[in-house]
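Containing mmCIF, C-alpha atoms: entry.cif.
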```
data_run
loop_
_atom_site.group_PDB
_atom_site.id
_atom_site.type_symbol
_atom_site.label_atom_id
_atom_site.label_comp_id
_atom_site.auth_asym_id
_atom_site.auth_seq_id
_atom_site.Cartn_x
_atom_site.Cartn_y
_atom_site.Cartn_z
ATOM 1 C CA MET A 817 84.115 4.449 51.597
ATOM 2 C CA SER A 818 84.808 8.185 51.613
ATOM 3 C CA PHE A 819 82.282 10.606 50.129
ATOM 4 C CA SER A 820 82.978 14.093 48.785
ATOM 5 C CA LEU A 821 79.284 14.997 48.312
ATOM 6 C CA ILE A 822 75.893 14.018 49.744
ATOM 7 C CA LEU A 823 72.877 14.245 47.435
ATOM 8 C CA THR A 824 69.217 13.872 48.315
ATOM 9 C CA HIS A 825 65.960 14.759 46.605
ATOM 10 C CA PRO A 826 64.500 18.284 46.408
ATOM 11 C CA GLY A 827 61.056 19.323 47.661
ATOM 12 C CA GLY A 828 59.366 18.167 50.851
ATOM 13 C CA SER A 829 61.599 16.430 53.349
ATOM 14 C CA HIS A 830 61.012 13.625 55.807
ATOM 15 C CA LYS A 831 62.712 12.418 58.939
ATOM 16 C CA ASP A 832 64.346 9.416 57.263
ATOM 17 C CA GLU A 833 66.467 11.222 54.652
ATOM 18 C CA PHE A 834 67.120 14.147 56.994
ATOM 19 C CA LEU A 835 68.592 11.866 59.677
ATOM 20 C CA ALA A 836 70.409 9.769 57.067
ATOM 21 C CA CYS A 837 72.067 12.941 55.789
ATOM 22 C CA CYS A 838 72.890 13.995 59.373
ATOM 23 C CA LEU A 839 74.799 10.737 59.852
ATOM 24 C CA LEU A 840 76.681 11.132 56.584
ATOM 25 C CA ILE A 841 77.563 14.764 57.353
ATOM 26 C CA ALA A 842 78.878 13.697 60.771
ATOM 27 C CA LYS A 843 80.891 10.860 59.243
ATOM 28 C CA HIS A 844 82.294 12.597 56.163
ATOM 29 C CA GLY A 845 82.002 16.346 56.796
ATOM 30 C CA VAL A 846 81.145 17.172 53.178
ATOM 31 C CA PRO A 847 78.647 19.481 51.403
ATOM 32 C CA LEU A 848 75.071 18.424 50.685
ATOM 33 C CA VAL A 849 72.907 19.214 47.663
ATOM 34 C CA ARG A 850 69.176 18.653 47.136
ATOM 35 C CA ARG A 851 68.344 17.837 43.512
ATOM 36 C CA GLU A 852 67.500 14.861 41.332
ATOM 37 C CA PRO A 853 70.515 12.611 40.742
ATOM 38 C CA THR A 854 72.019 12.043 37.316
ATOM 39 C CA ASP A 855 73.332 8.740 35.995
ATOM 40 C CA GLU A 856 76.801 10.102 36.700
ATOM 41 C CA ASP A 857 75.859 10.721 40.332
ATOM 42 C CA LEU A 858 74.590 7.164 40.736
ATOM 43 C CA ALA A 859 77.745 5.750 39.161
ATOM 44 C CA ASN A 860 80.104 7.916 41.205
ATOM 45 C CA PRO A 861 81.186 6.142 44.431
ATOM 46 C CA ALA A 862 82.310 9.494 45.867
ATOM 47 C CA THR A 863 78.705 10.799 45.864
ATOM 48 C CA ALA A 864 76.279 9.483 48.470
ATOM 49 C CA VAL A 865 72.790 9.430 46.912
ATOM 50 C CA VAL A 866 70.166 9.282 49.669
ATOM 51 C CA ASP A 867 66.440 8.433 49.446
ATOM 52 C CA VAL A 868 66.354 8.922 45.658
ATOM 53 C CA GLY A 869 67.764 7.253 42.565
ATOM 54 C CA GLY A 870 65.865 3.969 42.603
ATOM 55 C CA GLU A 871 68.601 1.646 43.855
ATOM 56 C CA HIS A 872 70.299 0.388 46.949
ATOM 57 C CA ALA A 873 73.953 -0.072 46.046
ATOM 58 C CA PRO A 874 76.083 0.808 49.067
ATOM 59 C CA GLU A 875 79.244 -0.106 47.188
ATOM 60 C CA ARG A 876 78.518 2.952 45.018
ATOM 61 C CA GLY A 877 77.064 5.051 47.843
ATOM 62 C CA ASN A 878 73.428 4.738 46.753
ATOM 63 C CA PHE A 879 70.846 4.453 49.553
ATOM 64 C CA ASP A 880 67.297 4.395 48.200
ATOM 65 C CA HIS A 881 64.454 2.152 49.394
ATOM 66 C CA HIS A 882 61.564 3.189 47.140
ATOM 67 C CA GLN A 883 62.245 0.396 44.659
ATOM 68 C CA PHE A 884 61.686 -2.322 47.271
ATOM 69 C CA PRO A 885 58.435 -4.337 46.836
ATOM 70 C CA LYS A 886 55.441 -3.238 48.876
ATOM 71 C CA ASP A 887 55.619 -6.313 51.106
ATOM 72 C CA HIS A 888 59.289 -5.672 51.948
ATOM 73 C CA PRO A 889 59.896 -5.300 55.710
ATOM 74 C CA PRO A 890 59.711 -1.615 56.688
ATOM 75 C CA ILE A 891 63.100 -0.091 55.952
ATOM 76 C CA CYS A 892 63.964 3.434 54.889
ATOM 77 C CA ALA A 893 66.962 5.473 53.728
ATOM 78 C CA LEU A 894 68.023 6.004 57.333
ATOM 79 C CA SER A 895 68.015 2.234 57.882
ATOM 80 C CA LEU A 896 70.254 1.713 54.846
ATOM 81 C CA VAL A 897 72.789 4.309 55.976
ATOM 82 C CA LEU A 898 72.826 2.860 59.502
ATOM 83 C CA GLN A 899 73.481 -0.557 57.962
ATOM 84 C CA ASP A 900 76.348 0.816 55.905
ATOM 85 C CA LEU A 901 77.865 2.386 59.017
ATOM 86 C CA GLY A 902 77.623 -0.961 60.809
ATOM 87 C CA VAL A 903 75.372 0.291 63.624
ATOM 88 C CA TYR A 904 71.898 -0.714 62.462
ATOM 89 C CA GLU A 905 71.399 -3.595 64.896
ATOM 90 C CA ASP A 906 72.450 -1.464 67.831
ATOM 91 C CA ALA A 907 70.225 1.369 66.609
ATOM 92 C CA ARG A 908 67.229 -0.968 66.431
ATOM 93 C CA ALA A 909 68.019 -2.215 69.935
ATOM 94 C CA PHE A 910 68.767 1.128 71.587
ATOM 95 C CA CYS A 911 66.740 3.734 69.637
ATOM 96 C CA ASP A 912 63.081 3.091 70.426
ATOM 97 C CA TRP A 913 62.027 5.706 67.860
ATOM 98 C CA LEU A 914 63.723 3.983 64.881
ATOM 99 C CA GLU A 915 61.242 1.200 64.123
ATOM 100 C CA PRO A 916 58.202 3.546 64.227
ATOM 101 C CA ALA A 917 60.117 5.929 61.923
ATOM 102 C CA GLU A 918 60.686 3.072 59.469
ATOM 103 C CA TRP A 919 57.013 2.174 59.553
ATOM 104 C CA PHE A 920 55.852 5.758 59.158
ATOM 105 C CA ASP A 921 58.092 6.391 56.159
ATOM 106 C CA THR A 922 57.261 3.158 54.334
ATOM 107 C CA ARG A 923 53.695 2.417 55.442
ATOM 108 C CA GLY A 924 52.234 5.849 56.226
ATOM 109 C CA PRO A 925 50.351 7.059 59.316
ATOM 110 C CA MET A 926 47.313 4.760 59.079
ATOM 111 C CA GLU A 927 49.238 1.472 59.019
ATOM 112 C CA THR A 928 51.757 2.766 61.530
ATOM 113 C CA ALA A 929 48.985 3.663 63.957
ATOM 114 C CA ARG A 930 47.425 0.208 63.545
ATOM 115 C CA TRP A 931 50.833 -1.422 64.098
ATOM 116 C CA LEU A 932 51.330 0.633 67.272
ATOM 117 C CA GLY A 933 47.798 -0.156 68.414
ATOM 118 C CA ILE A 934 46.744 3.482 68.688
ATOM 119 C CA GLU A 935 44.422 5.857 66.884
ATOM 120 C CA ARG A 936 45.881 7.787 63.957
ATOM 121 C CA ASP A 937 45.384 11.206 65.536
ATOM 122 C CA LYS A 938 47.525 10.225 68.523
ATOM 123 C CA LEU A 939 50.565 10.002 66.241
ATOM 124 C CA PHE A 940 50.358 13.698 65.484
ATOM 125 C CA LYS A 941 49.925 14.635 69.135
ATOM 126 C CA LEU A 942 53.583 13.646 69.510
ATOM 127 C CA ASN A 943 54.828 16.081 66.846
ATOM 128 C CA SER A 944 57.310 18.683 68.046
ATOM 129 C CA PRO A 945 57.959 22.195 66.699
ATOM 130 C CA ILE A 946 61.609 21.144 66.553
ATOM 131 C CA ASP A 947 60.785 18.396 64.033
ATOM 132 C CA THR A 948 58.516 20.690 62.016
ATOM 133 C CA THR A 949 60.975 23.568 61.806
ATOM 134 C CA MET A 950 64.042 21.462 61.021
ATOM 135 C CA LEU A 951 62.305 19.562 58.218
ATOM 136 C CA ARG A 952 60.703 22.698 56.773
ATOM 137 C CA ARG A 953 63.977 24.628 56.781
ATOM 138 C CA PHE A 954 65.792 21.635 55.274
ATOM 139 C CA ALA A 955 63.193 21.480 52.486
ATOM 140 C CA LEU A 956 63.826 25.134 51.616
ATOM 141 C CA VAL A 957 67.543 24.792 50.873
ATOM 142 C CA SER A 958 69.185 23.503 47.704
ATOM 143 C CA GLU A 959 72.717 23.322 49.076
ATOM 144 C CA LEU A 960 74.389 23.130 52.481
ATOM 145 C CA ASN A 961 78.068 23.634 53.215
ATOM 146 C CA PRO A 962 80.283 23.253 56.287
ATOM 147 C CA GLY A 963 80.026 26.263 58.568
ATOM 148 C CA GLU A 964 76.428 27.102 57.644
ATOM 149 C CA PRO A 965 73.988 26.910 60.592
ATOM 150 C CA MET A 966 71.781 24.118 59.211
ATOM 151 C CA TRP A 967 74.780 22.013 58.162
ATOM 152 C CA GLU A 968 76.364 22.395 61.610
ATOM 153 C CA VAL A 969 73.131 21.462 63.401
ATOM 154 C CA MET A 970 72.855 18.375 61.200
ATOM 155 C CA ARG A 971 76.431 17.483 62.067
ATOM 156 C CA TRP A 972 75.579 17.767 65.768
ATOM 157 C CA ILE A 973 72.557 15.501 65.366
ATOM 158 C CA GLY A 974 74.503 12.866 63.431
ATOM 159 C CA SER A 975 77.482 13.010 65.782
ATOM 160 C CA ASP A 976 75.311 12.708 68.874
ATOM 161 C CA LEU A 977 73.501 9.686 67.449
ATOM 162 C CA LEU A 978 76.726 7.920 66.476
ATOM 163 C CA ASP A 979 78.324 8.760 69.830
ATOM 164 C CA TYR A 980 75.238 7.492 71.671
ATOM 165 C CA LEU A 981 75.357 4.155 69.870
ATOM 166 C CA LYS A 982 79.117 3.766 70.314
ATOM 167 C CA ASN A 983 79.145 4.768 73.969
ATOM 168 C CA LEU A 984 76.106 2.685 74.876
ATOM 169 C CA ARG A 985 77.566 -0.405 73.209
ATOM 170 C CA GLU A 986 80.818 0.108 75.123
ATOM 171 C CA ARG A 987 78.848 0.686 78.326
ATOM 172 C CA LEU A 988 76.800 -2.506 77.882
ATOM 173 C CA ASP A 989 79.969 -4.517 77.221
ATOM 174 C CA PHE A 990 81.459 -3.041 80.403
ATOM 175 C CA ILE A 991 78.357 -3.933 82.432
ATOM 176 C CA ALA A 992 78.512 -7.481 81.093
ATOM 177 C CA SER A 993 82.161 -7.777 82.163
ATOM 178 C CA VAL A 994 81.773 -6.594 85.775
ATOM 179 C CA GLY A 995 78.070 -6.757 86.711
ATOM 180 C CA GLU A 996 76.614 -9.506 88.884
ATOM 181 C CA PHE A 997 73.078 -10.839 89.236
ATOM 182 C CA TRP A 998 72.256 -11.358 92.893
ATOM 183 C CA GLU A 999 69.584 -13.763 94.131
ATOM 184 C CA ILE A 1000 68.470 -12.276 97.456
ATOM 185 C CA GLU A 1001 66.553 -14.178 100.103
ATOM 186 C CA SER A 1002 64.063 -12.257 102.234
ATOM 187 C CA PRO A 1003 61.088 -12.977 104.538
ATOM 188 C CA ALA A 1004 58.830 -11.978 101.629
ATOM 189 C CA GLY A 1005 60.521 -14.430 99.259
ATOM 190 C CA PRO A 1006 63.544 -14.451 96.930
ATOM 191 C CA PHE A 1007 64.155 -11.866 94.210
ATOM 192 C CA GLN A 1008 66.924 -10.789 91.833
ATOM 193 C CA VAL A 1009 68.858 -7.538 91.454
ATOM 194 C CA LEU A 1010 71.741 -6.394 89.273
ATOM 195 C CA PHE A 1011 74.841 -5.322 91.214
ATOM 196 C CA MET A 1012 77.541 -3.061 89.770
ATOM 197 C CA PRO A 1013 80.767 -2.944 91.804
ATOM 198 C CA ARG A 1014 82.820 0.210 92.248
ATOM 199 C CA THR A 1015 85.562 0.322 89.615
ATOM 200 C CA GLU A 1016 88.509 2.576 88.861
ATOM 201 C CA PRO A 1017 88.003 4.693 86.958
ATOM 202 C CA MET A 1018 84.324 4.953 87.856
ATOM 203 C CA PRO A 1019 81.908 5.901 85.058
ATOM 204 C CA ASP A 1020 80.552 9.457 85.160
ATOM 205 C CA GLU A 1021 77.036 8.024 85.576
ATOM 206 C CA PRO A 1022 77.325 4.585 87.235
ATOM 207 C CA SER A 1023 73.671 3.676 86.650
ATOM 208 C CA ALA A 1024 73.767 4.501 82.918
ATOM 209 C CA GLY A 1025 72.775 1.632 80.648
ATOM 210 C CA LEU A 1026 71.739 -0.741 83.425
ATOM 211 C CA GLY A 1027 68.098 -0.822 82.350
ATOM 212 C CA ARG A 1028 69.039 -1.463 78.722
ATOM 213 C CA TYR A 1029 71.398 -4.254 79.765
ATOM 214 C CA ILE A 1030 68.774 -5.947 81.928
ATOM 215 C CA ASP A 1031 66.062 -5.705 79.270
ATOM 216 C CA ALA A 1032 68.346 -7.343 76.688
ATOM 217 C CA HIS A 1033 69.565 -10.101 79.022
ATOM 218 C CA PRO A 1034 67.917 -13.564 78.808
ATOM 219 C CA ASN A 1035 67.206 -13.473 82.550
ATOM 220 C CA GLY A 1036 66.292 -9.808 82.626
ATOM 221 C CA LYS A 1037 62.592 -10.264 83.312
ATOM 222 C CA ALA A 1038 63.396 -11.648 86.761
ATOM 223 C CA VAL A 1039 65.374 -8.557 87.836
ATOM 224 C CA VAL A 1040 63.492 -6.095 90.035
ATOM 225 C CA GLY A 1041 66.191 -3.834 91.445
ATOM 226 C CA LEU A 1042 69.612 -2.218 90.976
ATOM 227 C CA VAL A 1043 72.618 -1.689 93.237
ATOM 228 C CA TYR A 1044 75.309 0.623 91.834
ATOM 229 C CA PRO A 1045 78.036 3.000 93.042
ATOM 230 C CA ASP A 1046 76.872 6.377 94.263
ATOM 231 C CA ARG A 1047 78.577 8.982 92.070
ATOM 232 C CA ARG A 1048 78.311 11.556 94.880
ATOM 233 C CA GLY A 1049 79.751 9.449 97.645
ATOM 234 C CA LYS A 1050 81.636 6.292 98.561
ATOM 235 C CA GLY A 1051 78.520 4.193 99.098
ATOM 236 C CA PHE A 1052 75.879 2.799 96.771
ATOM 237 C CA GLY A 1053 72.578 3.696 95.213
ATOM 238 C CA LEU A 1054 69.601 1.320 95.489
ATOM 239 C CA SER A 1055 66.701 1.580 93.080
ATOM 240 C CA ARG A 1056 63.779 -0.209 91.515
ATOM 241 C CA HIS A 1057 64.000 -1.627 88.010
ATOM 242 C CA ASN A 1058 60.976 -0.709 85.879
ATOM 243 C CA ASP A 1059 59.437 0.792 89.017
ATOM 244 C CA HIS A 1060 58.730 -2.634 90.511
ATOM 245 C CA PRO A 1061 56.048 -2.037 93.180
ATOM 246 C CA ARG A 1062 57.367 -4.559 95.702
ATOM 247 C CA LEU A 1063 60.596 -2.642 96.343
ATOM 248 C CA ASP A 1064 59.938 0.193 98.781
ATOM 249 C CA PHE A 1065 63.038 1.887 100.149
ATOM 250 C CA THR A 1066 61.099 3.863 102.751
ATOM 251 C CA ARG A 1067 61.290 0.631 104.730
ATOM 252 C CA ILE A 1068 65.021 1.261 105.314
ATOM 253 C CA GLN A 1069 64.925 5.031 105.766
ATOM 254 C CA ASP A 1070 65.643 4.789 109.509
ATOM 255 C CA CYS A 1071 68.755 2.630 109.108
ATOM 256 C CA GLU A 1072 71.915 4.411 110.300
ATOM 257 C CA ASP A 1073 73.789 3.691 107.075
ATOM 258 C CA VAL A 1074 70.957 4.972 104.819
ATOM 259 C CA HIS A 1075 71.295 8.721 104.378
ATOM 260 C CA PHE A 1076 68.534 9.176 101.790
ATOM 261 C CA ALA A 1077 65.324 7.367 100.888
ATOM 262 C CA HIS A 1078 62.901 9.025 98.516
ATOM 263 C CA ALA A 1079 59.449 9.603 100.009
ATOM 264 C CA ARG A 1080 57.918 7.623 97.138
ATOM 265 C CA GLY A 1081 60.201 4.686 97.867
ATOM 266 C CA PHE A 1082 61.798 4.142 94.461
ATOM 267 C CA VAL A 1083 65.416 5.013 95.299
ATOM 268 C CA ALA A 1084 67.768 5.213 98.283
ATOM 269 C CA LYS A 1085 71.416 6.018 99.015
ATOM 270 C CA THR A 1086 73.557 4.194 101.557
ATOM 271 C CA SER A 1087 77.087 4.515 102.890
ATOM 272 C CA ALA A 1088 77.276 0.707 103.097
ATOM 273 C CA THR A 1089 79.807 -0.973 100.811
ATOM 274 C CA ASP A 1090 79.883 -4.571 102.030
ATOM 275 C CA PRO A 1091 77.918 -6.815 99.624
ATOM 276 C CA LYS A 1092 76.236 -8.685 102.475
ATOM 277 C CA ARG A 1093 74.974 -5.443 103.987
ATOM 278 C CA LEU A 1094 73.771 -4.194 100.607
ATOM 279 C CA GLN A 1095 71.891 -7.454 100.103
ATOM 280 C CA ALA A 1096 70.373 -7.128 103.578
ATOM 281 C CA LEU A 1097 69.139 -3.600 102.822
ATOM 282 C CA MET A 1098 67.590 -4.765 99.554
ATOM 283 C CA GLY A 1099 65.968 -7.718 101.350
ATOM 284 C CA GLN A 1100 64.504 -5.411 104.002
ATOM 285 C CA SER A 1101 63.033 -3.224 101.226
ATOM 286 C CA TRP A 1102 61.253 -6.137 99.549
ATOM 287 C CA GLU A 1103 57.626 -6.706 100.498
#
```
Turn this file's structure into structure tokens for me.
Amino acid sequence: MSFSLILTHPGGSHKDEFLACCLLIAKHGVPLVRREPTDEDLANPATAVVDVGGEHAPERGNFDHHQFPKDHPPICALSLVLQDLGVYEDARAFCDWLEPAEWFDTRGPMETARWLGIERDKLFKLNSPIDTTMLRRFALVSELNPGEPMWEVMRWIGSDLLDYLKNLRERLDFIASVGEFWEIESPAGPFQVLFMPRTEPMPDEPSAGLGRYIDAHPNGKAVVGLVYPDRRGKGFGLSRHNDHPRLDFTRIQDCEDVHFAHARGFVAKTSATDPKRLQALMGQSWE
């Protein structure tokens, strides 16, 4: 569906409709207005009506959640737009901030704090002046057009979010196609690491997405370390996964083929490329 206009409610603004509008601006590149919708707006499939209007009808471009019953699972206008763009499941998996945002918008700060298991005042300790200023400035406008500073910033935000989801999904699929789980034997007992071979072309950041891939994998909880190509050299990087305390790379800092081991032991770099040698270095680091 192609939109020629984005419409959302006037007055105070919240993160859910702001981000929903950012996504739609990035996708469609059209003007935005902030006013109450008319029946004609709701019936017009060329107008995206966001967080207002009393109906969720994506076939007509209407994305409101306020009519859902109070016991409906937490879902907001942003959720509905992400669903329509076909990236909601990835967003829930890869954007740790999304589910709390859904709770906050639909349940309020008290229930959200209880759900998170924290005190209410701790929620507001996480507020940023960036959030406050963007939402306040958005609330002050009645119309935004391409080329205007706020519209362009919203386009950046929406584009970056969509690019992040697309690129991370592609990255995870790539890791699944070439990555290997190694079971390494050592004097201190066996353990598992994820190994990424050197490929051509090599990703700009070879370690990107590895943690996400491991956490989503059925056997991920057993993985304690990572072995991946060093982007600055021909060897490999060795690191802990989730800062596992039993991997300490200072134990291999005197090896001839290890040219860097962090003093705190969480990462090392080696010129070694043979899998058996890499496994031996990981085994020597395990305690």
- What residues come out when you apply the PyMOL selection byres ((chain A and resi 968-979) around 10) to this file, written as a PyMOL selection string? chain A and resi 834-845+898+901+903+907+911+950+954+960-967+980-985
- Calculate how many Å separate atom CA of A:Glu1103 from atom CA of A:Gly1053, rounding to one decimal.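 Value for the atom CA of A:Glu1103-atom CA of A:Gly1053 distance: 19.0 Å.
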- Message: Between atom CA of A:Glu871 and atom CA of A:Asp912, what distance in Å does the model show, to one decimal?
- Response: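 That distance, rounded to one decimal, is 27.2 Å.
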- Message: Please determine, counting all atoms listed in the file, which residue among A:Ser1101, A:Ser1087, A:Asn1058, A:Gln1008 has the shortest atom-to-atom distance to A:Asp1046.
- Response: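 Ranked by minimum distance to A:Asp1046, first place goes to A:Ser1087.
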- Would you mind telling me which residue in A:Asp855, A:Asp880, A:Glu905, A:Glu1001 lies nearest to A:Met1098 when using all atoms listed in the file?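 The answer is A:Glu1001, which sits nearest to A:Met1098.
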Please list as a PDB file with C-alpha atoms, in the frame of the given file every residue within 6 Å of A:His1060, counting all atoms listed in the file and excluding residues in the same chain fewer than 3 positions away.
```
ATOM      1  CA  VAL A1040      63.492  -6.095  90.035  1.00  0.00           C
ATOM      2  CA  ARG A1056      63.779  -0.209  91.515  1.00  0.00           C
ATOM      3  CA  HIS A1057      64.000  -1.627  88.010  1.00  0.00           C
TER       4      HIS A1057
END
```
Excluding A:Pro916 and its own-chain neighbours fewer than 3 positions away, which residues fall within 12 Å of it when counting all atoms listed in the file? Please give them as a PDB file with C-alpha atoms, in the frame of the given file.
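Output saved as out.pdb:
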```pdb
ATOM      1  CA  LYS A 831      62.712  12.418  58.939  1.00  0.00           C
ATOM      2  CA  ASP A 832      64.346   9.416  57.263  1.00  0.00           C
ATOM      3  CA  PRO A 890      59.711  -1.615  56.688  1.00  0.00           C
ATOM      4  CA  ILE A 891      63.100  -0.091  55.952  1.00  0.00           C
ATOM      5  CA  CYS A 892      63.964   3.434  54.889  1.00  0.00           C
ATOM      6  CA  SER A 895      68.015   2.234  57.882  1.00  0.00           C
ATOM      7  CA  ARG A 908      67.229  -0.968  66.431  1.00  0.00           C
ATOM      8  CA  CYS A 911      66.740   3.734  69.637  1.00  0.00           C
ATOM      9  CA  ASP A 912      63.081   3.091  70.426  1.00  0.00           C
ATOM     10  CA  TRP A 913      62.027   5.706  67.860  1.00  0.00           C
ATOM     11  CA  TRP A 919      57.013   2.174  59.553  1.00  0.00           C
ATOM     12  CA  PHE A 920      55.852   5.758  59.158  1.00  0.00           C
ATOM     13  CA  ASP A 921      58.092   6.391  56.159  1.00  0.00           C
ATOM     14  CA  THR A 922      57.261   3.158  54.334  1.00  0.00           C
ATOM     15  CA  ARG A 923      53.695   2.417  55.442  1.00  0.00           C
ATOM     16  CA  GLY A 924      52.234   5.849  56.226  1.00  0.00           C
ATOM     17  CA  PRO A 925      50.351   7.059  59.316  1.00  0.00           C
ATOM     18  CA  GLU A 927      49.238   1.472  59.019  1.00  0.00           C
ATOM     19  CA  THR A 928      51.757   2.766  61.530  1.00  0.00           C
ATOM     20  CA  ALA A 929      48.985   3.663  63.957  1.00  0.00           C
ATOM     21  CA  ARG A 930      47.425   0.208  63.545  1.00  0.00           C
ATOM     22  CA  TRP A 931      50.833  -1.422  64.098  1.00  0.00           C
ATOM     23  CA  LEU A 932      51.330   0.633  67.272  1.00  0.00           C
ATOM     24  CA  GLY A 933      47.798  -0.156  68.414  1.00  0.00           C
ATOM     25  CA  LEU A 939      50.565  10.002  66.241  1.00  0.00           C
TER      26      LEU A 939
END
```
- Task: Output the residue selection produced by the PyMOL selection byres ((chain A and resi 990) around 12) on the file above, formatted as a ChimeraX atom specification.
- Result: /A:983-989,991-996,1012-1013,1015,1018-1019,1022,1024-1026,1029
- Message: Using all atoms listed in the file for the distances, tell me which of A:Lys1085, A:Pro826, A:Arg953, A:Asp1073 is nearest to A:Arg1047.
- Response: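 Ranking A:Lys1085, A:Pro826, A:Arg953, A:Asp1073 by distance to A:Arg1047, first place goes to A:Lys1085.
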- Message: Can you measure atom CA of A:Ile1030 to atom CA of A:Arg1048 for me? One decimal in Å is fine.
- Response: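 Between atom CA of A:Ile1030 and atom CA of A:Arg1048 the gap works out to 23.8 Å.
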- Check the smallest atom-to-atom distance from each of A:His872, A:Lys1050, A:Arg1028, A:Lys1037 to A:Asp900 using all atoms listed in the file, then report the winner.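 Once distances to A:Asp900 are computed over all atoms listed in the file, the minimum belongs to A:His872.
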- Message: Suppose a student applies the PyMOL selection byres ((chain A and resi 1081) around 8) to this structure; what residues should they get, written as a ChimeraX atom specification?
- Response: /A:1063-1066,1077-1080,1082-1084
- Query: Within 12 Å of (78.6, 7.8, 38.8), in the coordinates the file gives, what residues turn up when you count all atoms listed in the file, written out as a list in words?
  - Reply: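 Within 12 Å of (78.6, 7.8, 38.8), the protein and nucleic acid residues are Leu821, Pro853, Thr854, Asp855, Glu856, Asp857, Leu858, Ala859, Asn860, Pro861, Ala862, Thr863, Ala864, Val865, Gly869, Ala873, Glu875, Arg876, Gly877 and Asn878 of chain A.
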- Message: With distances taken over only C-alpha atoms, which residue among A:Glu918, A:Val866, A:Arg850, A:Cys1071 lies nearest A:His888?
- Response: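 The shortest atom-to-atom distance to A:His888 comes from A:Glu918.
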- Message: Under the rule that only C-alpha atoms are counted, which of A:Pro1045, A:Pro1091, A:Gly1027, A:Pro1061 is the nearest residue to A:Trp998?
- Response: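 Looking only at the distances to A:Trp998, the closest residue turns out to be A:Pro1091.
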Is it possible to add N, CA, C and O atoms to stretch 930-941 of chain A and hand it back as a PDB file, in the coordinates of the input?
```pdb
ATOM      1  N   ARG A 930      47.964   1.554  63.281  1.00  0.00           N
ATOM      2  CA  ARG A 930      47.425   0.208  63.545  1.00  0.00           C
ATOM      3  C   ARG A 930      48.498  -0.691  64.136  1.00  0.00           C
ATOM      4  O   ARG A 930      48.235  -1.464  65.067  1.00  0.00           O
ATOM      5  N   TRP A 931      49.723  -0.601  63.593  1.00  0.00           N
ATOM      6  CA  TRP A 931      50.833  -1.422  64.098  1.00  0.00           C
ATOM      7  C   TRP A 931      51.141  -1.086  65.552  1.00  0.00           C
ATOM      8  O   TRP A 931      51.406  -1.976  66.376  1.00  0.00           O
ATOM      9  N   LEU A 932      51.074   0.204  65.898  1.00  0.00           N
ATOM     10  CA  LEU A 932      51.330   0.633  67.272  1.00  0.00           C
ATOM     11  C   LEU A 932      50.145   0.363  68.194  1.00  0.00           C
ATOM     12  O   LEU A 932      50.291   0.424  69.418  1.00  0.00           O
ATOM     13  N   GLY A 933      48.981   0.092  67.606  1.00  0.00           N
ATOM     14  CA  GLY A 933      47.798  -0.156  68.414  1.00  0.00           C
ATOM     15  C   GLY A 933      47.190   1.103  68.985  1.00  0.00           C
ATOM     16  O   GLY A 933      46.607   1.080  70.080  1.00  0.00           O
ATOM     17  N   ILE A 934      47.307   2.212  68.237  1.00  0.00           N
ATOM     18  CA  ILE A 934      46.744   3.482  68.688  1.00  0.00           C
ATOM     19  C   ILE A 934      45.919   4.100  67.565  1.00  0.00           C
ATOM     20  O   ILE A 934      45.981   3.652  66.418  1.00  0.00           O
ATOM     21  N   GLU A 935      45.176   5.136  67.901  1.00  0.00           N
ATOM     22  CA  GLU A 935      44.422   5.857  66.884  1.00  0.00           C
ATOM     23  C   GLU A 935      45.351   6.784  66.113  1.00  0.00           C
ATOM     24  O   GLU A 935      46.333   7.300  66.645  1.00  0.00           O
ATOM     25  N   ARG A 936      45.015   7.009  64.829  1.00  0.00           N
ATOM     26  CA  ARG A 936      45.881   7.787  63.957  1.00  0.00           C
ATOM     27  C   ARG A 936      46.173   9.181  64.510  1.00  0.00           C
ATOM     28  O   ARG A 936      47.315   9.661  64.443  1.00  0.00           O
ATOM     29  N   ASP A 937      45.181   9.835  65.075  1.00  0.00           N
ATOM     30  CA  ASP A 937      45.384  11.206  65.536  1.00  0.00           C
ATOM     31  C   ASP A 937      46.372  11.309  66.687  1.00  0.00           C
ATOM     32  O   ASP A 937      46.993  12.350  66.899  1.00  0.00           O
ATOM     33  N   LYS A 938      46.573  10.194  67.411  1.00  0.00           N
ATOM     34  CA  LYS A 938      47.525  10.225  68.523  1.00  0.00           C
ATOM     35  C   LYS A 938      48.963  10.327  68.024  1.00  0.00           C
ATOM     36  O   LYS A 938      49.839  10.833  68.748  1.00  0.00           O
ATOM     37  N   LEU A 939      49.224   9.854  66.809  1.00  0.00           N
ATOM     38  CA  LEU A 939      50.565  10.002  66.241  1.00  0.00           C
ATOM     39  C   LEU A 939      50.960  11.468  66.164  1.00  0.00           C
ATOM     40  O   LEU A 939      52.086  11.846  66.497  1.00  0.00           O
ATOM     41  N   PHE A 940      50.045  12.294  65.719  1.00  0.00           N
ATOM     42  CA  PHE A 940      50.358  13.698  65.484  1.00  0.00           C
ATOM     43  C   PHE A 940      50.371  14.518  66.768  1.00  0.00           C
ATOM     44  O   PHE A 940      50.903  15.629  66.788  1.00  0.00           O
ATOM     45  N   LYS A 941      49.823  13.962  67.844  1.00  0.00           N
ATOM     46  CA  LYS A 941      49.925  14.635  69.135  1.00  0.00           C
ATOM     47  C   LYS A 941      51.365  14.619  69.652  1.00  0.00           C
ATOM     48  O   LYS A 941      51.711  15.378  70.569  1.00  0.00           O
TER      49      LYS A 941
END
```
